[in-house]
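Colleague: Please read through the structure below; I'll follow up with questions.
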Amino acid sequence: MAETVTLNSKPKVQVFDSEEDLAVSLAKYTADLANKFAQLRDSFTVVLSGGSLVKSLRKLVEPPYVDSVDWSKWHVFWVDERVVPKDHPDSNYLLAYDGFLSKVPIPAGNVYAINDALSAEGAADDYETCLKHLVKNKIIDQSDSSGFPKFDLMLLGMGPYGHVASLFPGHPLCQENEKWVTFIKNSPKPPPERISFTFPVINSSANIALVVAGDGKADVVHAALGDGSNSDKLPVQMVSPEGELTWFLDKGAASKLHA
Ligand SMILES: O=C1O[C@H](COP(=O)(O)O)[C@@H](O)[C@H](O)[C@H]1O
């Protein structure tokens with residue numbers, strides 16, 4: 001069962017009794033959006049994170065969704081990626097492949113991983129070029145107001161200090177407002193070299209799910225959604241899409257919200 005906490009008009013915050021319940025609801029939410037956009041625009045553009053998010057998608061690869069979703073319409077991207085070979089244990093692609101992509105019939109050509117033969121800078125430029133091509137061909141929608149790509153759904157995790165994608169607290173990349181895809185060579189969380197979507201791209205999304213589980217993240221969830229008394233905005237607090245933002249929290253992650 002989910003409790004919906006309304007903290008202000010936006011975002012919607014859903015708190016589940018367990019991570020299992022969260023995963024069940026996240027699967028339905030994602031499948032419903034996939035069906036909606038497949039009918040609306042004949043494609044569904046979905047952006048994945050690495051980390052714990054992938055495990056929370058496990059119910060999507062089970063009945064009824066594994067059979068009922070039209071996977072041929074899916075186009076899959078990464079909000080950030082570590083600049084390592086695709087078969088490296090740190091690769092967000094490998095994590096998603098093992099836990100999700102290998103279990104559903106998404107056409108291989110619709111899965112847009114980074115070019116792992118390039119430098120961080122080269123891979124970011126190459127990924128941005130790929131996105132521009134897909135916007136031109138109307139696979140990815142474009143925001144009328146920002147001009148940035150408008151993904152149908154971004155599935156974001158949040159790190160223990162409030163980072164999203166590879167946008168870390170206090171890092172100048174959080175202020176990037178021209179590039180679509182940027183790179184970092186000194187990530188505070190290993191591995192050091194990564195590429196990342198920028199905030200203008202993240203915030204042009206039609207839908208964002210912020211998925212956070214476990215009491216280890218309760219303090220940062222409280223800082224992000226609490227009374228706003230922290231002076232410096234955490235990256236997660238800079239997530240403010242044109243469309244809808246929905247938080248998926250389990251009880252542990254939400255345990256300090258009412259304190
Ligand atoms: O390094 C990363 O961390 C964040 C958060 O990961 P989590 O395991 O704490 O959920 C993740 O969203 C991002 O994609 C990843 O590269």
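Ligands are numbered from 1 in the order shown, residues from 1 within each chain, and chains are lettered A, B, ... in the order they appear in the structure tokens.
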Write out as a ChimeraX atom specification the residues lying within 12 Å of Phe183 of chain A, counting only C-alpha atoms and excluding same-chain residues fewer than 6 positions away.

Modeller: /A:79-83,118-128,165-168,171-174,176,192-198

Colleague: Would you name the residues within 7 Å of ligand 1, counting only C-alpha atoms and all ligand atoms, and put them as a list in words?

Modeller: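 Sorted by chain and then by number, the residues are Ser49, Gly50, Gly51, Ser52, Leu53, Val79, Asp80, Glu81, Arg82, Asn92, Leu156, Gly157, Met158, Gly159, Pro160, His163, Val164, Ala165, Ser166, Lys189 and Val212 of chain A.
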
Colleague: What separation in Å, quoted to one decimal, exists between atom CA of Pro200 of chain A and atom CA of His222 of chain A?

Modeller: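 Atom CA of Pro200 of chain A sits 24.5 Å away from atom CA of His222 of chain A.
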
Colleague: Tell me, in Å to one decimal, how far atom CA of Pro191 of chain A is from atom CA of Leu245 of chain A.

Modeller: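 Rounded to one decimal, the two atoms are 28.6 Å apart.
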
Colleague: Can you tell me, as a list in words, what residues are no more than 12 Å from Lys73 of chain A when counting only C-alpha atoms, ignoring any on the same chain fewer than 4 positions away?

Modeller: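 These residues fall inside the cut-off: Ala31, Leu33, Ala34, Asn35, Lys36, Phe37, Ala38, Gln39, Leu40, Arg41, Asp42, Ser43, Phe44, Thr45, Val46, Val69, Val104, Pro105, Ile106, Pro107, Ala108, Gly109, Asn110, Val111, Ile139 and Ile140 of chain A.
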
Colleague: Give me the residues near Lys103 of chain A as a list in words, where near means some atom within 10 Å (using only C-alpha atoms) and where sequence neighbours in that chain fewer than 6 positions away do not count.

Modeller: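 Listed by chain and then number, they are Arg58, Leu60, Val61, Glu62, Val66 and Tyr97 of chain A.
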
Colleague: For Lys59 of chain A, work out the shell of residues within 7 Å, counting only C-alpha atoms and skipping chain neighbours fewer than 4 positions away, then give it as a CSV table (one decimal) with N, CA, C and O atoms, in the first residue's frame.

Modeller:
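Produced file part25.csv, reproduced below:
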chain,number,residue,atom,x,y,z
A,23,ALA,N,8.5,-1.5,-5.9
A,23,ALA,CA,8.9,-2.1,-7.2
A,23,ALA,C,7.6,-2.5,-8.0
A,23,ALA,O,7.6,-2.3,-9.2
A,24,VAL,N,6.6,-2.9,-7.3
A,24,VAL,CA,5.3,-3.3,-8.0
A,24,VAL,C,4.7,-2.1,-8.6
A,24,VAL,O,4.3,-2.0,-9.7
A,27,ALA,N,6.6,-0.6,-11.6
A,27,ALA,CA,6.4,-1.4,-12.8
A,27,ALA,C,5.1,-0.9,-13.5
A,27,ALA,O,5.1,-0.7,-14.7

Colleague: Please determine, counting only C-alpha atoms, which residue among A:Lys233, A:Ser56, A:Ala213, A:Gln142 has the shortest atom-to-atom distance to Leu249 of chain A.

Modeller: A:Ala213

Colleague: Could you pull out all residues of segment 70-222 of chain A with a DSSP call of strand (DSSP E) and give them as JSON, numbers by chain?

Modeller: {"A": [74, 75, 76, 77, 78, 80, 81, 82, 141, 142, 149, 150, 153, 154, 155, 156, 181, 182, 183, 184, 194, 195, 196, 197, 207, 208, 209, 210, 211, 212]}

Colleague: Could you please determine the separation between atom CA of Val15 of chain A and atom CA of Asp250 of chain A in Å, to one decimal place?

Modeller: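 Separation between atom CA of Val15 of chain A and atom CA of Asp250 of chain A: 5.4 Å.
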
Colleague: Enumerate the residues of segment 58-203 of chain A with a DSSP assignment of alpha helix (DSSP H), computed from the backbone, and present them as JSON, numbers by chain.

Modeller: {"A": [65, 66, 67, 68, 92, 93, 94, 95, 96, 97, 98, 99, 120, 121, 122, 123, 124, 125, 126, 127, 128, 129, 130, 131, 132, 133, 134, 135, 136, 199, 200, 201, 202]}

Colleague: Give the answer as one residue: which of A:Tyr161, A:Trp71, A:Ala253, A:Leu153 has the shortest atom-to-atom distance to Gln14 of chain A, using only C-alpha atoms?

Modeller: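 Checking each candidate against Gln14 of chain A, we get A:Ala253 as the closest.
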
Colleague: Here is a test: counting only C-alpha atoms, which residue of A:Leu22, A:Val181, A:Val84, A:Met154 is nearest to Lys132 of chain A?

Modeller: A:Val181

Colleague: Can you work out which one of A:Asp21, A:Asp32, A:Asp98, A:Asp215 has the shortest atom-to-atom distance to Ser68 of chain A, counting only C-alpha atoms?

Modeller: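 That would be A:Asp32, the residue with the smallest distance to Ser68 of chain A.
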
Colleague: Could you check the closest approach to Val201 of chain A for each of A:Phe100, A:Pro63, A:Glu242, A:Lys256 and tell me which residue wins, using only C-alpha atoms?

Modeller: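 Nearest to Val201 of chain A: A:Glu242.
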
Colleague: Nearest residue to Leu101 of chain A out of A:Ala113, A:Val135, A:Leu234, A:Ile184, using only C-alpha atoms?

Modeller: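 Result for the nearest residue to Leu101 of chain A: A:Ala113.
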